[in-house]
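The block underneath contains the structure these notes are about, expressed in structure tokens.
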Amino acid sequence: MLLVSIAAARRHIRIANTYFIPDNLTMRTLLEALHRGVKIEIITPGVDIDARTVRAVGKARWKPLLEAGARFYEYEPARFHCKYLLVDDCWASFGSANLDNRSIFLERRGKPQRFA
């Protein structure tokens with residue numbers, strides 16, 4: 001759903017995610033959207049985050065997106081734990097999945113079963 005939504009975008013993509021560490025396929029899809037003129041805005045946590053390493057790894061992946069025209073915003077007033085995707089002001093997705101390899105892997109294979 002995430003990749004199809006990004007690939008279908010024509011005007012705007014707005015992403016808010018606590019742990020924004022896109023995998024290579026997601027990065028390529030976002031870069032392709034930027035190259036066809038889609039404006040991308042991404043909100044991530046500022047310094048008040050529960051996983052500083054995750055923030056550092058995520059920021060290390062920003063450069064290609066920034067160079068292609070994406071805009072990043074770091075939320076500063078308090079802890080930020082929102083997760084949403086808005087595409088062209090007509091499609092919205094929100095929930096609990098982060099945009100990182102672990103979360104994407106778990107979503108692709110389905111939720112693990114719990115045994116009593």
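Residue names in the structure tokens use chain letters A, B, ... in the order shown, residue numbers from 1 in each chain, and ligand numbers from 1 in the order shown.
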Per-residue DSSP, chain A, filtered to alpha helix (DSSP H), as a VMD selection string: chain A and resid 2 to 8 24 to 35 52 to 60 63 to 68 101 to 109
Would you write out those residues with N, CA and C atoms, as a CSV table (one decimal), in the first residue's frame?
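Saved file again.csv follows:
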chain,number,residue,atom,x,y,z
A,2,LEU,N,1.9,1.2,0.8
A,2,LEU,CA,2.8,2.4,0.9
A,2,LEU,C,3.5,2.7,-0.5
A,3,LEU,N,4.1,1.7,-1.1
A,3,LEU,CA,4.8,1.9,-2.3
A,3,LEU,C,3.8,2.2,-3.5
A,4,VAL,N,2.7,1.6,-3.5
A,4,VAL,CA,1.7,1.9,-4.5
A,4,VAL,C,1.2,3.4,-4.4
A,5,SER,N,1.0,3.8,-3.2
A,5,SER,CA,0.5,5.2,-2.9
A,5,SER,C,1.6,6.2,-3.3
A,6,ILE,N,2.8,5.9,-3.0
A,6,ILE,CA,3.9,6.8,-3.4
A,6,ILE,C,4.0,6.8,-4.9
A,7,ALA,N,4.0,5.7,-5.5
A,7,ALA,CA,4.1,5.6,-7.0
A,7,ALA,C,3.0,6.3,-7.7
A,8,ALA,N,1.8,6.3,-7.1
A,8,ALA,CA,0.6,6.9,-7.7
A,8,ALA,C,0.5,8.4,-7.5
A,24,ASN,N,15.8,0.4,0.6
A,24,ASN,CA,16.2,0.9,-0.7
A,24,ASN,C,15.1,1.0,-1.7
A,25,LEU,N,14.1,0.1,-1.6
A,25,LEU,CA,13.0,0.2,-2.6
A,25,LEU,C,12.1,1.4,-2.3
A,26,THR,N,11.9,1.6,-1.0
A,26,THR,CA,11.1,2.8,-0.6
A,26,THR,C,11.8,4.1,-1.0
A,27,MET,N,13.1,4.1,-0.8
A,27,MET,CA,14.0,5.3,-1.2
A,27,MET,C,13.8,5.5,-2.7
A,28,ARG,N,14.0,4.5,-3.5
A,28,ARG,CA,13.9,4.6,-5.0
A,28,ARG,C,12.5,5.1,-5.4
A,29,THR,N,11.5,4.6,-4.7
A,29,THR,CA,10.1,5.0,-5.0
A,29,THR,C,9.9,6.5,-4.7
A,30,LEU,N,10.4,6.9,-3.5
A,30,LEU,CA,10.3,8.3,-3.1
A,30,LEU,C,11.1,9.2,-4.1
A,31,LEU,N,12.3,8.8,-4.5
A,31,LEU,CA,13.1,9.6,-5.4
A,31,LEU,C,12.5,9.7,-6.8
A,32,GLU,N,11.9,8.6,-7.2
A,32,GLU,CA,11.1,8.7,-8.5
A,32,GLU,C,10.0,9.7,-8.4
A,33,ALA,N,9.3,9.7,-7.3
A,33,ALA,CA,8.2,10.7,-7.2
A,33,ALA,C,8.7,12.1,-7.2
A,34,LEU,N,9.8,12.3,-6.5
A,34,LEU,CA,10.4,13.7,-6.5
A,34,LEU,C,10.8,14.1,-8.0
A,35,HIS,N,11.4,13.1,-8.7
A,35,HIS,CA,11.9,13.4,-10.1
A,35,HIS,C,10.7,13.7,-11.0
A,52,ARG,N,17.8,7.2,20.1
A,52,ARG,CA,18.7,8.1,19.5
A,52,ARG,C,19.5,7.5,18.3
A,53,THR,N,19.8,6.2,18.4
A,53,THR,CA,20.5,5.5,17.4
A,53,THR,C,19.6,5.4,16.1
A,54,VAL,N,18.4,5.2,16.3
A,54,VAL,CA,17.4,5.1,15.2
A,54,VAL,C,17.3,6.5,14.5
A,55,ARG,N,17.3,7.5,15.3
A,55,ARG,CA,17.3,8.9,14.7
A,55,ARG,C,18.5,9.1,13.9
A,56,ALA,N,19.7,8.8,14.4
A,56,ALA,CA,20.9,9.0,13.7
A,56,ALA,C,21.0,8.2,12.4
A,57,VAL,N,20.6,6.9,12.4
A,57,VAL,CA,20.5,6.1,11.2
A,57,VAL,C,19.6,6.7,10.2
A,58,GLY,N,18.4,7.1,10.7
A,58,GLY,CA,17.4,7.7,9.7
A,58,GLY,C,18.0,8.9,9.1
A,59,LYS,N,18.6,9.8,9.8
A,59,LYS,CA,19.1,11.1,9.3
A,59,LYS,C,20.2,10.8,8.3
A,60,ALA,N,20.9,9.7,8.4
A,60,ALA,CA,22.0,9.3,7.5
A,60,ALA,C,21.5,9.0,6.1
A,63,LYS,N,20.1,12.4,2.9
A,63,LYS,CA,20.8,13.2,1.9
A,63,LYS,C,20.2,13.1,0.4
A,64,PRO,N,20.1,11.8,-0.1
A,64,PRO,CA,19.5,11.8,-1.5
A,64,PRO,C,18.2,12.4,-1.6
A,65,LEU,N,17.3,12.3,-0.6
A,65,LEU,CA,16.0,12.9,-0.7
A,65,LEU,C,16.1,14.4,-0.6
A,66,LEU,N,16.9,14.9,0.3
A,66,LEU,CA,17.1,16.4,0.4
A,66,LEU,C,17.6,16.9,-0.9
A,67,GLU,N,18.6,16.3,-1.5
A,67,GLU,CA,19.2,16.7,-2.8
A,67,GLU,C,18.2,16.7,-3.9
A,68,ALA,N,17.2,15.8,-3.9
A,68,ALA,CA,16.2,15.7,-4.9
A,68,ALA,C,15.0,16.7,-4.6
A,101,ASN,N,13.1,-1.0,8.3
A,101,ASN,CA,13.1,-2.3,7.8
A,101,ASN,C,12.4,-3.3,8.6
A,102,ARG,N,12.5,-3.2,9.9
A,102,ARG,CA,11.9,-4.2,10.8
A,102,ARG,C,10.4,-4.1,10.7
A,103,SER,N,9.8,-3.0,10.7
A,103,SER,CA,8.4,-2.8,10.6
A,103,SER,C,7.9,-3.3,9.3
A,104,ILE,N,8.6,-2.9,8.2
A,104,ILE,CA,8.2,-3.3,6.9
A,104,ILE,C,8.2,-4.8,6.7
A,105,PHE,N,9.3,-5.4,7.3
A,105,PHE,CA,9.4,-6.9,7.2
A,105,PHE,C,8.2,-7.6,7.9
A,106,LEU,N,7.9,-7.1,9.1
A,106,LEU,CA,6.8,-7.7,9.9
A,106,LEU,C,5.5,-7.5,9.2
A,107,GLU,N,5.3,-6.3,8.5
A,107,GLU,CA,4.0,-6.1,7.8
A,107,GLU,C,3.9,-7.0,6.6
A,108,ARG,N,5.1,-7.2,5.9
A,108,ARG,CA,5.0,-8.1,4.7
A,108,ARG,C,4.8,-9.5,5.0
A,109,ARG,N,5.2,-10.0,6.1
A,109,ARG,CA,5.1,-11.4,6.4
A,109,ARG,C,3.8,-11.7,7.3
Contacts of A:Tyr84 within 8 Å, only C-alpha atoms, excl. fewer than 2 positions in-chain, as a PyMOL selection string: chain A and resi 14-17+82+86+92-95
Nearest residue to A:His81 from the set A:Arg61, A:Arg10, A:Val38, A:Phe20 (distances using only C-alpha atoms):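 Closest to A:His81, using only C-alpha atoms: A:Phe20.
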Selected residue, from A:Cys90, A:Leu85, A:Ile21, A:Ile40, that lies nearest to A:Arg71 when counting only C-alpha atoms: A:Ile40
A:Phe72 surroundings by only C-alpha atoms, 8 Å radius, close-in-sequence under 6 positions cut, as a list in words: Glu41, Ile42, Ile43, Thr44 and Leu66 of chain A
Write out, as a PDB file, in the first residue's frame, the residues just selected, with all heavy atoms.
ATOM      1  N   GLU A  41       7.081  16.075   1.840  1.00  0.00           N
ATOM      2  CA  GLU A  41       7.376  16.641   3.150  1.00  0.00           C
ATOM      3  C   GLU A  41       7.351  15.515   4.173  1.00  0.00           C
ATOM      4  O   GLU A  41       6.416  14.714   4.192  1.00  0.00           O
ATOM      5  CB  GLU A  41       6.347  17.698   3.519  1.00  0.00           C
ATOM      6  CG  GLU A  41       6.334  18.874   2.560  1.00  0.00           C
ATOM      7  CD  GLU A  41       5.193  19.821   2.852  1.00  0.00           C
ATOM      8  OE1 GLU A  41       4.047  19.348   2.949  1.00  0.00           O
ATOM      9  OE2 GLU A  41       5.470  21.022   2.980  1.00  0.00           O
ATOM     10  N   ILE A  42       8.382  15.471   5.006  1.00  0.00           N
ATOM     11  CA  ILE A  42       8.513  14.397   5.979  1.00  0.00           C
ATOM     12  C   ILE A  42       8.748  15.008   7.356  1.00  0.00           C
ATOM     13  O   ILE A  42       9.639  15.844   7.527  1.00  0.00           O
ATOM     14  CB  ILE A  42       9.681  13.462   5.596  1.00  0.00           C
ATOM     15  CG1 ILE A  42       9.429  12.854   4.207  1.00  0.00           C
ATOM     16  CG2 ILE A  42       9.871  12.369   6.658  1.00  0.00           C
ATOM     17  CD1 ILE A  42      10.640  12.246   3.554  1.00  0.00           C
ATOM     18  N   ILE A  43       7.938  14.582   8.323  1.00  0.00           N
ATOM     19  CA  ILE A  43       8.093  15.033   9.706  1.00  0.00           C
ATOM     20  C   ILE A  43       8.632  13.866  10.525  1.00  0.00           C
ATOM     21  O   ILE A  43       8.094  12.758  10.467  1.00  0.00           O
ATOM     22  CB  ILE A  43       6.752  15.500  10.310  1.00  0.00           C
ATOM     23  CG1 ILE A  43       6.142  16.614   9.470  1.00  0.00           C
ATOM     24  CG2 ILE A  43       6.957  15.944  11.758  1.00  0.00           C
ATOM     25  CD1 ILE A  43       4.732  16.981   9.892  1.00  0.00           C
ATOM     26  N   THR A  44       9.699  14.133  11.258  1.00  0.00           N
ATOM     27  CA  THR A  44      10.300  13.129  12.141  1.00  0.00           C
ATOM     28  C   THR A  44      10.479  13.746  13.519  1.00  0.00           C
ATOM     29  O   THR A  44      10.373  14.957  13.681  1.00  0.00           O
ATOM     30  CB  THR A  44      11.670  12.655  11.610  1.00  0.00           C
ATOM     31  OG1 THR A  44      12.575  13.755  11.629  1.00  0.00           O
ATOM     32  CG2 THR A  44      11.560  12.096  10.201  1.00  0.00           C
ATOM     33  N   LEU A  66      16.918  14.902   0.271  1.00  0.00           N
ATOM     34  CA  LEU A  66      17.099  16.352   0.364  1.00  0.00           C
ATOM     35  C   LEU A  66      17.630  16.925  -0.946  1.00  0.00           C
ATOM     36  O   LEU A  66      17.154  17.953  -1.425  1.00  0.00           O
ATOM     37  CB  LEU A  66      18.049  16.704   1.511  1.00  0.00           C
ATOM     38  CG  LEU A  66      17.476  16.573   2.913  1.00  0.00           C
ATOM     39  CD1 LEU A  66      18.581  16.615   3.951  1.00  0.00           C
ATOM     40  CD2 LEU A  66      16.451  17.667   3.171  1.00  0.00           C
TER      41      LEU A  66
END
Minimum-distance residue to A:Asp23, chosen among A:Pro45, A:Trp62, A:Asp89, A:Arg11 (using only C-alpha atoms):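 Using only C-alpha atoms, A:Asp23 sits closest to A:Trp62.
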Of the listed residues A:Lys83, A:Met1, A:Val47, A:Glu76, that which approaches A:Tyr19 most closely, counting only C-alpha atoms: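 When distances to A:Tyr19 are compared using only C-alpha atoms, the smallest one comes from A:Lys83.
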Gap from atom CA of A:Ile13 to atom CA of A:Ala78 - Å, one decimal: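 These atoms are spaced 23.9 Å apart.
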Nearest to A:Gly37 by atom-to-atom distance, counting only C-alpha atoms, from A:Asp50, A:Pro77, A:Trp91, A:His12: A:His12
Which of A:Ala9, A:Pro22, A:Asp88, A:Glu74 sits closest to A:Asp48 [using only C-alpha atoms]: A:Glu74
